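With mmCIF, C-alpha atoms inside, this is protein.cif:
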```cif
data_my_file
#
loop_
_atom_site.group_PDB
_atom_site.id
_atom_site.type_symbol
_atom_site.label_atom_id
_atom_site.label_comp_id
_atom_site.auth_asym_id
_atom_site.auth_seq_id
_atom_site.Cartn_x
_atom_site.Cartn_y
_atom_site.Cartn_z
ATOM 1 C CA MET A 29 -64.919 81.564 54.823
ATOM 2 C CA ALA A 30 -68.468 82.236 56.006
ATOM 3 C CA ASP A 31 -71.567 81.005 54.190
ATOM 4 C CA GLY A 32 -72.432 83.132 51.178
ATOM 5 C CA GLU A 33 -68.996 84.753 51.128
ATOM 6 C CA ARG A 34 -67.058 84.458 47.902
ATOM 7 C CA ARG A 35 -63.391 85.083 47.405
ATOM 8 C CA PHE A 36 -62.268 87.006 44.363
ATOM 9 C CA LYS A 37 -59.351 85.382 42.617
ATOM 10 C CA VAL A 38 -57.306 87.166 39.953
ATOM 11 C CA THR A 39 -56.332 84.749 37.208
ATOM 12 C CA PRO A 40 -53.650 85.207 34.538
ATOM 13 C CA ALA A 41 -56.399 85.351 31.904
ATOM 14 C CA MET A 42 -58.042 88.263 33.741
ATOM 15 C CA VAL A 43 -54.725 90.122 33.867
ATOM 16 C CA LEU A 44 -54.137 89.495 30.154
ATOM 17 C CA TRP A 45 -57.626 90.691 29.169
ATOM 18 C CA SER A 46 -57.235 93.768 31.379
ATOM 19 C CA LEU A 47 -53.942 94.630 29.688
ATOM 20 C CA LEU A 48 -55.474 94.129 26.245
ATOM 21 C CA ALA A 49 -58.397 96.393 27.193
ATOM 22 C CA LEU A 50 -55.974 99.060 28.439
ATOM 23 C CA ILE A 51 -53.974 98.842 25.214
ATOM 24 C CA ALA A 52 -57.197 99.153 23.204
ATOM 25 C CA ILE A 53 -58.206 102.279 25.157
ATOM 26 C CA ILE A 54 -54.782 103.833 24.575
ATOM 27 C CA LEU A 55 -54.973 102.914 20.870
ATOM 28 C CA VAL A 56 -58.336 104.657 20.506
ATOM 29 C CA ALA A 57 -57.233 107.718 22.460
ATOM 30 C CA GLN A 58 -54.034 108.225 20.479
ATOM 31 C CA ASN A 59 -55.381 107.376 17.012
ATOM 32 C CA SER A 60 -58.745 109.088 16.803
ATOM 33 C CA ALA A 61 -57.864 111.431 13.918
ATOM 34 C CA ASP A 62 -59.657 110.802 10.623
ATOM 35 C CA THR A 63 -57.660 109.261 7.824
ATOM 36 C CA THR A 64 -58.439 108.609 4.166
ATOM 37 C CA ILE A 65 -57.934 105.174 2.640
ATOM 38 C CA GLN A 66 -57.942 104.644 -1.126
ATOM 39 C CA VAL A 67 -58.317 101.088 -2.445
ATOM 40 C CA LEU A 68 -59.098 100.218 -6.077
ATOM 41 C CA GLY A 69 -60.652 103.604 -6.761
ATOM 42 C CA TRP A 70 -62.745 103.628 -3.595
ATOM 43 C CA THR A 71 -62.112 106.329 -1.041
ATOM 44 C CA VAL A 72 -63.080 105.766 2.587
ATOM 45 C CA GLN A 73 -62.611 108.156 5.462
ATOM 46 C CA ALA A 74 -62.508 106.696 8.977
ATOM 47 C CA PRO A 75 -60.726 107.190 12.298
ATOM 48 C CA LEU A 76 -57.231 105.687 12.242
ATOM 49 C CA PHE A 77 -57.980 103.296 15.122
ATOM 50 C CA VAL A 78 -60.813 101.753 13.064
ATOM 51 C CA VAL A 79 -58.411 101.147 10.186
ATOM 52 C CA ILE A 80 -55.836 99.614 12.556
ATOM 53 C CA VAL A 81 -58.409 97.329 14.208
ATOM 54 C CA LEU A 82 -59.804 96.205 10.829
ATOM 55 C CA ALA A 83 -56.286 95.438 9.587
ATOM 56 C CA MET A 84 -55.576 93.436 12.744
ATOM 57 C CA LEU A 85 -58.840 91.493 12.380
ATOM 58 C CA ALA A 86 -58.111 90.805 8.699
ATOM 59 C CA GLY A 87 -54.656 89.491 9.619
ATOM 60 C CA TRP A 88 -56.112 87.321 12.370
ATOM 61 C CA GLY A 89 -58.762 85.952 10.021
ATOM 62 C CA LEU A 90 -56.248 85.179 7.269
ATOM 63 C CA GLY A 91 -53.990 83.475 9.792
ATOM 64 C CA LEU A 92 -56.905 81.385 11.023
ATOM 65 C CA LEU A 93 -57.858 80.399 7.468
ATOM 66 C CA GLY A 94 -54.263 79.444 6.693
ATOM 67 C CA SER A 95 -54.049 77.391 9.861
ATOM 68 C CA GLN A 96 -57.295 75.578 9.047
ATOM 69 C CA ALA A 97 -56.174 74.865 5.484
ATOM 70 C CA TRP A 98 -52.895 73.439 6.774
ATOM 71 C CA SER A 99 -54.730 71.323 9.346
ATOM 72 C CA TRP A 100 -57.190 69.957 6.768
ATOM 73 C CA ARG A 101 -54.376 69.147 4.349
ATOM 74 C CA ARG A 102 -52.394 67.363 7.064
ATOM 75 C CA ARG A 103 -55.448 65.399 8.193
ATOM 76 C CA ARG A 104 -56.215 64.304 4.624
ATOM 77 C CA SER A 105 -52.650 63.145 4.018
ATOM 78 C CA GLN A 106 -52.737 61.139 7.270
ATOM 79 C CA GLU A 107 -56.036 59.516 6.230
ATOM 80 C CA ARG A 108 -54.570 58.537 2.863
ATOM 81 C CA GLU A 109 -51.560 56.908 4.560
ATOM 82 C CA GLU A 110 -53.796 54.698 6.703
#
```
Can the structure from this file be put into structure tokens for me?
Amino acid sequence: MADGERRFKVTPAMVLWSLLALIAIILVAQNSADTTIQVLGWTVQAPLFVVIVLAMLAGWGLGLLGSQAWSWRRRRSQEREE
């Protein structure tokens, strides 16, 4: 390899992120129609892909909170045993 020349290496993380980006593009393209959501008397109109992404983010966030709560509880019980 000559000076100043850089080799481009494809990593598994790059492949994964590329696939996720492709899936996101397909999701947006196929679910762009407006939809109406009614929750507790509120009515919101948004593209379906926005609703799907928000639901996925809410699920991810709740999973993260549950994981943290479990971790904190486990750590506290281990500290009490010591």
The PyMOL selection byres ((chain A and resi 78) around 12) resolved against shown file, as an mmCIF file with C-alpha atoms, in the frame of the given file:
```cif
data_model
loop_
_atom_site.group_PDB
_atom_site.id
_atom_site.type_symbol
_atom_site.label_atom_id
_atom_site.label_comp_id
_atom_site.auth_asym_id
_atom_site.auth_seq_id
_atom_site.Cartn_x
_atom_site.Cartn_y
_atom_site.Cartn_z
ATOM 1 C CA ALA A 52 -57.197 99.153 23.204
ATOM 2 C CA LEU A 55 -54.973 102.914 20.870
ATOM 3 C CA VAL A 56 -58.336 104.657 20.506
ATOM 4 C CA ALA A 57 -57.233 107.718 22.460
ATOM 5 C CA GLN A 58 -54.034 108.225 20.479
ATOM 6 C CA ASN A 59 -55.381 107.376 17.012
ATOM 7 C CA SER A 60 -58.745 109.088 16.803
ATOM 8 C CA ALA A 61 -57.864 111.431 13.918
ATOM 9 C CA ASP A 62 -59.657 110.802 10.623
ATOM 10 C CA THR A 63 -57.660 109.261 7.824
ATOM 11 C CA THR A 64 -58.439 108.609 4.166
ATOM 12 C CA ILE A 65 -57.934 105.174 2.640
ATOM 13 C CA VAL A 72 -63.080 105.766 2.587
ATOM 14 C CA GLN A 73 -62.611 108.156 5.462
ATOM 15 C CA ALA A 74 -62.508 106.696 8.977
ATOM 16 C CA PRO A 75 -60.726 107.190 12.298
ATOM 17 C CA LEU A 76 -57.231 105.687 12.242
ATOM 18 C CA PHE A 77 -57.980 103.296 15.122
ATOM 19 C CA VAL A 79 -58.411 101.147 10.186
ATOM 20 C CA ILE A 80 -55.836 99.614 12.556
ATOM 21 C CA VAL A 81 -58.409 97.329 14.208
ATOM 22 C CA LEU A 82 -59.804 96.205 10.829
ATOM 23 C CA ALA A 83 -56.286 95.438 9.587
ATOM 24 C CA MET A 84 -55.576 93.436 12.744
ATOM 25 C CA LEU A 85 -58.840 91.493 12.380
#
```
* To one decimal place, how far is atom CA of A:Glu107 from atom CA of A:Leu92 in Å? -> 22.4 Å
* In Å, rounded to a single decimal, give me how far atom CA of A:Gly87 is from atom CA of A:Leu48. => 17.3 Å
* To do: Go ahead and compute the interatomic distance for atom CA of A:Ala41 and atom CA of A:Ser95, in Å to one decimal.
  => 23.6 Å
Padding 3 Å on every side, please: axis-aligned box over the listed atoms of stretch 71-86 of chain A, centre and edge lengths to one decimal in Å, as AutoDock Vina command-line options.
```
--center_x -59.3 --center_y 99.5 --center_z 7.0 --size_x 13.5 --size_y 23.4 --size_z 22.2
```
Complete stretch 37-65 of chain A with N, CA and C atoms (output as a PDB file, in the coordinates of the input).
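The new file rebuild-v8.pdb reads:
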```pdb
ATOM      1  N   LYS A  37     -60.665  85.847  42.991  1.00  0.00           N
ATOM      2  CA  LYS A  37     -59.351  85.382  42.617  1.00  0.00           C
ATOM      3  C   LYS A  37     -58.966  85.981  41.261  1.00  0.00           C
ATOM      4  N   VAL A  38     -57.803  86.592  41.197  1.00  0.00           N
ATOM      5  CA  VAL A  38     -57.306  87.166  39.953  1.00  0.00           C
ATOM      6  C   VAL A  38     -56.535  86.084  39.213  1.00  0.00           C
ATOM      7  N   THR A  39     -56.981  85.782  38.004  1.00  0.00           N
ATOM      8  CA  THR A  39     -56.332  84.749  37.208  1.00  0.00           C
ATOM      9  C   THR A  39     -55.433  85.396  36.149  1.00  0.00           C
ATOM     10  N   PRO A  40     -54.491  84.648  35.607  1.00  0.00           N
ATOM     11  CA  PRO A  40     -53.650  85.207  34.538  1.00  0.00           C
ATOM     12  C   PRO A  40     -54.469  85.657  33.332  1.00  0.00           C
ATOM     13  N   ALA A  41     -55.541  84.953  33.031  1.00  0.00           N
ATOM     14  CA  ALA A  41     -56.399  85.351  31.904  1.00  0.00           C
ATOM     15  C   ALA A  41     -57.029  86.722  32.173  1.00  0.00           C
ATOM     16  N   MET A  42     -57.441  86.969  33.393  1.00  0.00           N
ATOM     17  CA  MET A  42     -58.042  88.263  33.741  1.00  0.00           C
ATOM     18  C   MET A  42     -57.013  89.380  33.585  1.00  0.00           C
ATOM     19  N   VAL A  43     -55.789  89.122  33.999  1.00  0.00           N
ATOM     20  CA  VAL A  43     -54.725  90.122  33.867  1.00  0.00           C
ATOM     21  C   VAL A  43     -54.462  90.400  32.394  1.00  0.00           C
ATOM     22  N   LEU A  44     -54.387  89.341  31.590  1.00  0.00           N
ATOM     23  CA  LEU A  44     -54.137  89.495  30.154  1.00  0.00           C
ATOM     24  C   LEU A  44     -55.245  90.301  29.489  1.00  0.00           C
ATOM     25  N   TRP A  45     -56.503  89.965  29.770  1.00  0.00           N
ATOM     26  CA  TRP A  45     -57.626  90.691  29.169  1.00  0.00           C
ATOM     27  C   TRP A  45     -57.658  92.145  29.636  1.00  0.00           C
ATOM     28  N   SER A  46     -57.281  92.393  30.880  1.00  0.00           N
ATOM     29  CA  SER A  46     -57.235  93.768  31.379  1.00  0.00           C
ATOM     30  C   SER A  46     -56.159  94.573  30.646  1.00  0.00           C
ATOM     31  N   LEU A  47     -55.011  93.951  30.423  1.00  0.00           N
ATOM     32  CA  LEU A  47     -53.942  94.630  29.688  1.00  0.00           C
ATOM     33  C   LEU A  47     -54.350  94.899  28.242  1.00  0.00           C
ATOM     34  N   LEU A  48     -55.009  93.926  27.622  1.00  0.00           N
ATOM     35  CA  LEU A  48     -55.474  94.129  26.245  1.00  0.00           C
ATOM     36  C   LEU A  48     -56.512  95.244  26.174  1.00  0.00           C
ATOM     37  N   ALA A  49     -57.398  95.321  27.156  1.00  0.00           N
ATOM     38  CA  ALA A  49     -58.397  96.393  27.193  1.00  0.00           C
ATOM     39  C   ALA A  49     -57.718  97.748  27.369  1.00  0.00           C
ATOM     40  N   LEU A  50     -56.709  97.814  28.225  1.00  0.00           N
ATOM     41  CA  LEU A  50     -55.974  99.060  28.439  1.00  0.00           C
ATOM     42  C   LEU A  50     -55.265  99.492  27.157  1.00  0.00           C
ATOM     43  N   ILE A  51     -54.644  98.536  26.478  1.00  0.00           N
ATOM     44  CA  ILE A  51     -53.974  98.842  25.214  1.00  0.00           C
ATOM     45  C   ILE A  51     -54.982  99.337  24.184  1.00  0.00           C
ATOM     46  N   ALA A  52     -56.152  98.729  24.144  1.00  0.00           N
ATOM     47  CA  ALA A  52     -57.197  99.153  23.204  1.00  0.00           C
ATOM     48  C   ALA A  52     -57.645 100.585  23.503  1.00  0.00           C
ATOM     49  N   ILE A  53     -57.802 100.917  24.774  1.00  0.00           N
ATOM     50  CA  ILE A  53     -58.206 102.279  25.157  1.00  0.00           C
ATOM     51  C   ILE A  53     -57.141 103.288  24.750  1.00  0.00           C
ATOM     52  N   ILE A  54     -55.879 102.946  24.968  1.00  0.00           N
ATOM     53  CA  ILE A  54     -54.782 103.833  24.575  1.00  0.00           C
ATOM     54  C   ILE A  54     -54.747 103.982  23.061  1.00  0.00           C
ATOM     55  N   LEU A  55     -54.958 102.881  22.334  1.00  0.00           N
ATOM     56  CA  LEU A  55     -54.973 102.914  20.870  1.00  0.00           C
ATOM     57  C   LEU A  55     -56.051 103.867  20.359  1.00  0.00           C
ATOM     58  N   VAL A  56     -57.232 103.785  20.922  1.00  0.00           N
ATOM     59  CA  VAL A  56     -58.336 104.657  20.506  1.00  0.00           C
ATOM     60  C   VAL A  56     -58.025 106.111  20.844  1.00  0.00           C
ATOM     61  N   ALA A  57     -57.502 106.347  22.030  1.00  0.00           N
ATOM     62  CA  ALA A  57     -57.233 107.718  22.460  1.00  0.00           C
ATOM     63  C   ALA A  57     -56.151 108.386  21.607  1.00  0.00           C
ATOM     64  N   GLN A  58     -55.148 107.628  21.216  1.00  0.00           N
ATOM     65  CA  GLN A  58     -54.034 108.225  20.479  1.00  0.00           C
ATOM     66  C   GLN A  58     -54.238 108.234  18.965  1.00  0.00           C
ATOM     67  N   ASN A  59     -55.204 107.487  18.457  1.00  0.00           N
ATOM     68  CA  ASN A  59     -55.381 107.376  17.012  1.00  0.00           C
ATOM     69  C   ASN A  59     -56.820 107.679  16.599  1.00  0.00           C
ATOM     70  N   SER A  60     -57.355 108.756  17.109  1.00  0.00           N
ATOM     71  CA  SER A  60     -58.745 109.088  16.803  1.00  0.00           C
ATOM     72  C   SER A  60     -58.892 110.030  15.612  1.00  0.00           C
ATOM     73  N   ALA A  61     -57.788 110.514  15.057  1.00  0.00           N
ATOM     74  CA  ALA A  61     -57.864 111.431  13.918  1.00  0.00           C
ATOM     75  C   ALA A  61     -58.377 110.694  12.681  1.00  0.00           C
ATOM     76  N   ASP A  62     -59.156 111.400  11.856  1.00  0.00           N
ATOM     77  CA  ASP A  62     -59.657 110.802  10.623  1.00  0.00           C
ATOM     78  C   ASP A  62     -58.527 110.611   9.623  1.00  0.00           C
ATOM     79  N   THR A  63     -58.628 109.542   8.871  1.00  0.00           N
ATOM     80  CA  THR A  63     -57.660 109.261   7.824  1.00  0.00           C
ATOM     81  C   THR A  63     -58.411 108.800   6.580  1.00  0.00           C
ATOM     82  N   THR A  64     -57.809 108.986   5.429  1.00  0.00           N
ATOM     83  CA  THR A  64     -58.439 108.609   4.166  1.00  0.00           C
ATOM     84  C   THR A  64     -57.714 107.404   3.597  1.00  0.00           C
ATOM     85  N   ILE A  65     -58.479 106.392   3.229  1.00  0.00           N
ATOM     86  CA  ILE A  65     -57.934 105.174   2.640  1.00  0.00           C
ATOM     87  C   ILE A  65     -58.444 105.085   1.210  1.00  0.00           C
TER      88      ILE A  65
END
```
